[in-house]
Amino acid sequence: MTDPRVLPVAAQARPRATIRVDLKAIAEMIEPGTRVLDIGCGDGALLDYLAHEKRVDARGIEISQAGVNACVAQGLSVVQGDADTDLKDYPTGGFDYAILSQTLQATSDPKAVVGELVRIARRAIVSFPNFGVWHVRLKLLLGGRMPVTDTLSAAWYETPNIHLCTIDDFVDLCGTLGVSIEKAMVLDSQGRPRSLAAPGRLANLLGEQGLFVLRRRG
């Protein structure tokens, strides 16, 4: 039986007219004709866009069966899987890009996941909600309760986010892993890039989301 992880995207679905602004920012970082693995790809919006607009060899992993079904219905090469347990099965250097968009904070072992991303791909693109943004700090300080925001939209007792972090925390993690940060930017609550240097104290204070391009050193 053919391993579904090595099948190219069928690219039968019609291209999407628009995608979320933060996903568009990720798409702009991808070179045409490259090999891309999107981990936690959801309904396949980004994969579908990349397949048609960048003509990439697009694959995906999605933990929910509903997400997998939505992707397969579009002709996308997506398998059901978990970032915490299944990335180890992918070959070293098998992809040009590994994307982990708004998923890192929901993994059980973010350190191991980031390590796997830069192992299996030449570059990793990671985005996550920034728990260090000013209004989250203010809500904790003045209200004493876990905040609910546009990027952290679930109450503490039903959120899938189990490892919230700040931009500074993520930069420290990259240093611990010996991972180089090739590019970093911050996004506002709508996913639009902000004109701030990142990483840095101002970025950690004002950025709603962090978006990083990583590669393994050496």
# chains A, B, ... in the order shown; residues from 1 in each chain; ligands from 1

call {"tool": "select_by_dssp", "arguments": {"residues": "stretch 116-170 of chain A", "states": "helix (DSSP H, G or I)", "output": "PyMOL selection string"}}
result
chain A and resi 116-120+134-143+167-170

call {"tool": "write_last_selection", "arguments": {"atoms": "N, CA and C atoms", "output": "compact mmCIF listing (two decimals), in the first residue's frame"}}
result
# COMPACT_ATOMS: atom_id res chain seq x y z
N GLU A 116 11.73 18.84 15.82
CA GLU A 116 11.35 18.00 14.69
C GLU A 116 11.10 18.84 13.44
N LEU A 117 10.53 20.01 13.60
CA LEU A 117 10.25 20.87 12.45
C LEU A 117 11.53 21.21 11.68
N VAL A 118 12.57 21.61 12.42
CA VAL A 118 13.81 22.00 11.74
C VAL A 118 14.63 20.78 11.30
N ARG A 119 14.24 19.60 11.76
CA ARG A 119 14.89 18.38 11.28
C ARG A 119 14.33 17.96 9.94
N ILE A 120 13.00 17.99 9.82
CA ILE A 120 12.37 17.44 8.63
C ILE A 120 12.32 18.44 7.47
N TRP A 134 0.39 43.52 25.70
CA TRP A 134 0.10 44.44 26.81
C TRP A 134 -1.28 44.25 27.43
N HIS A 135 -2.33 44.03 26.63
CA HIS A 135 -3.67 43.95 27.21
C HIS A 135 -3.90 42.63 27.94
N VAL A 136 -3.17 41.56 27.56
CA VAL A 136 -3.24 40.31 28.32
C VAL A 136 -2.60 40.52 29.69
N ARG A 137 -1.45 41.18 29.70
CA ARG A 137 -0.79 41.50 30.98
C ARG A 137 -1.70 42.35 31.86
N LEU A 138 -2.37 43.33 31.23
CA LEU A 138 -3.21 44.24 32.00
C LEU A 138 -4.42 43.51 32.60
N LYS A 139 -5.02 42.62 31.82
CA LYS A 139 -6.17 41.87 32.32
C LYS A 139 -5.79 40.97 33.49
N LEU A 140 -4.61 40.37 33.41
CA LEU A 140 -4.14 39.55 34.52
C LEU A 140 -3.85 40.40 35.75
N LEU A 141 -3.24 41.57 35.50
CA LEU A 141 -2.86 42.44 36.61
C LEU A 141 -4.07 43.02 37.31
N LEU A 142 -5.03 43.54 36.54
CA LEU A 142 -6.17 44.24 37.13
C LEU A 142 -7.33 43.31 37.45
N GLY A 143 -7.53 42.29 36.61
CA GLY A 143 -8.68 41.42 36.83
C GLY A 143 -8.35 40.15 37.58
N ILE A 167 6.54 35.97 23.06
CA ILE A 167 7.54 36.04 22.00
C ILE A 167 8.93 35.85 22.58
N ASP A 168 9.20 36.47 23.73
CA ASP A 168 10.51 36.31 24.37
C ASP A 168 10.76 34.86 24.77
N ASP A 169 9.72 34.18 25.26
CA ASP A 169 9.86 32.76 25.62
C ASP A 169 10.27 31.93 24.40
N PHE A 170 9.64 32.22 23.26
CA PHE A 170 9.93 31.44 22.06
C PHE A 170 11.34 31.70 21.57

call {"tool": "closest_residue", "arguments": {"among": "A:Val213, A:Ala106, A:Leu37, A:Ala51", "to": "A:Cys165", "atoms": "only C-alpha atoms"}}
result
A:Ala106

call {"tool": "residues_around", "arguments": {"residues": "A:Gln209", "least_positions_apart": "4", "cutoff": "9 Å", "atoms": "only C-alpha atoms", "output": "PyMOL selection string"}}
result
chain A and resi 102+127-131+133+151+166-167+185-189+191

call {"tool": "atom_distance", "arguments": {"atom1": "atom CA of A:Lys183", "atom2": "atom CA of A:Leu76"}}
result
28.3 Å

call {"tool": "residues_around", "arguments": {"residues": "A:Ala58", "least_positions_apart": "5", "cutoff": "8 Å", "atoms": "only C-alpha atoms", "output": "VMD selection string"}}
result
chain A and resid 8 to 9 35 to 38 47 50 to 51 76 to 77

call {"tool": "closest_residue", "arguments": {"among": "A:Cys41, A:Leu211, A:Val21, A:Val148", "to": "A:Ser64", "atoms": "only C-alpha atoms"}}
result
A:Cys41

call {"tool": "select_by_dssp", "arguments": {"residues": "stretch 70-208 of chain A", "states": "strand (DSSP E or B)", "output": "ChimeraX atom specification"}}
result
/A:77-80,95-101,121-130,165,179-187,193

call {"tool": "write_last_selection", "arguments": {"atoms": "C-alpha atoms", "output": "compact mmCIF listing (two decimals), in the first residue's frame"}}
result
# COMPACT_ATOMS: atom_id res chain seq x y z
CA SER A 77 -2.90 15.21 0.34
CA VAL A 78 -3.61 15.26 4.08
CA VAL A 79 -3.37 12.50 6.66
CA GLN A 80 -4.67 12.33 10.20
CA PHE A 95 10.64 19.13 2.91
CA ASP A 96 11.67 22.65 2.07
CA TYR A 97 9.19 24.15 4.54
CA ALA A 98 7.37 22.82 7.60
CA ILE A 99 4.54 25.09 8.74
CA LEU A 100 3.07 25.15 12.23
CA SER A 101 0.46 27.91 12.31
CA ALA A 121 12.49 20.73 6.69
CA ARG A 122 15.07 23.20 5.44
CA ARG A 123 13.04 25.97 7.05
CA ALA A 124 10.25 25.96 9.63
CA ILE A 125 7.57 28.65 9.79
CA VAL A 126 5.93 28.95 13.21
CA SER A 127 3.20 31.32 14.41
CA PHE A 128 1.50 31.51 17.80
CA PRO A 129 -0.54 33.88 19.99
CA ASN A 130 1.65 36.08 22.18
CA CYS A 165 4.13 31.47 25.75
CA VAL A 179 17.87 27.02 16.12
CA SER A 180 18.56 30.11 14.03
CA ILE A 181 15.85 32.73 13.54
CA GLU A 182 16.03 33.84 9.90
CA LYS A 183 13.04 36.16 10.06
CA ALA A 184 10.66 37.34 12.74
CA MET A 185 7.63 39.60 12.72
CA VAL A 186 4.67 40.43 14.90
CA LEU A 187 1.04 40.50 13.82
CA PRO A 193 2.05 42.52 10.15

call {"tool": "closest_residue", "arguments": {"among": "A:Thr92, A:Thr34, A:Thr18, A:Asn204", "to": "A:Gly132", "atoms": "only C-alpha atoms"}}
result
A:Asn204

call {"tool": "residues_around", "arguments": {"residues": "A:Ala83", "least_positions_apart": "2", "cutoff": "10 Å", "atoms": "only C-alpha atoms", "output": "PDB file with C-alpha atoms, in the first residue's frame"}}
result
ATOM      1  CA  ILE A  39       1.145  20.556  10.445  1.00  0.00           C
ATOM      2  CA  GLY A  40      -2.255  21.210  11.974  1.00  0.00           C
ATOM      3  CA  ILE A  61      -1.210  16.631   8.876  1.00  0.00           C
ATOM      4  CA  GLU A  62      -4.411  17.323  10.792  1.00  0.00           C
ATOM      5  CA  ILE A  63      -5.516  15.818  14.103  1.00  0.00           C
ATOM      6  CA  GLY A  81      -1.855  12.758  12.680  1.00  0.00           C
ATOM      7  CA  THR A  85       3.816  11.836  18.070  1.00  0.00           C
ATOM      8  CA  ASP A  86       3.977  11.588  14.285  1.00  0.00           C
ATOM      9  CA  LEU A  87       6.646  14.029  13.098  1.00  0.00           C
ATOM     10  CA  LYS A  88       9.373  11.561  14.066  1.00  0.00           C
ATOM     11  CA  LEU A 100       3.067  25.145  12.234  1.00  0.00           C
ATOM     12  CA  THR A 103      -0.731  25.171  16.809  1.00  0.00           C
ATOM     13  CA  LEU A 104       2.460  25.225  18.905  1.00  0.00           C
ATOM     14  CA  ALA A 106      -1.680  23.264  21.756  1.00  0.00           C
ATOM     15  CA  THR A 107       1.120  20.684  21.647  1.00  0.00           C
ATOM     16  CA  SER A 108       2.196  18.602  24.632  1.00  0.00           C
ATOM     17  CA  ASP A 109       5.936  19.070  24.037  1.00  0.00           C
ATOM     18  CA  PRO A 110       6.636  22.315  22.122  1.00  0.00           C
ATOM     19  CA  ALA A 112      10.406  18.511  20.829  1.00  0.00           C
ATOM     20  CA  VAL A 113       7.999  19.685  18.124  1.00  0.00           C
ATOM     21  CA  VAL A 114      10.183  22.654  17.142  1.00  0.00           C
ATOM     22  CA  GLU A 116      11.352  17.999  14.690  1.00  0.00           C
ATOM     23  CA  LEU A 117      10.254  20.870  12.446  1.00  0.00           C
TER      24      LEU A 117
END

call {"tool": "atom_distance", "arguments": {"atom1": "atom CA of A:Asp57", "atom2": "atom CA of A:Arg216"}}
result
21.8 Å
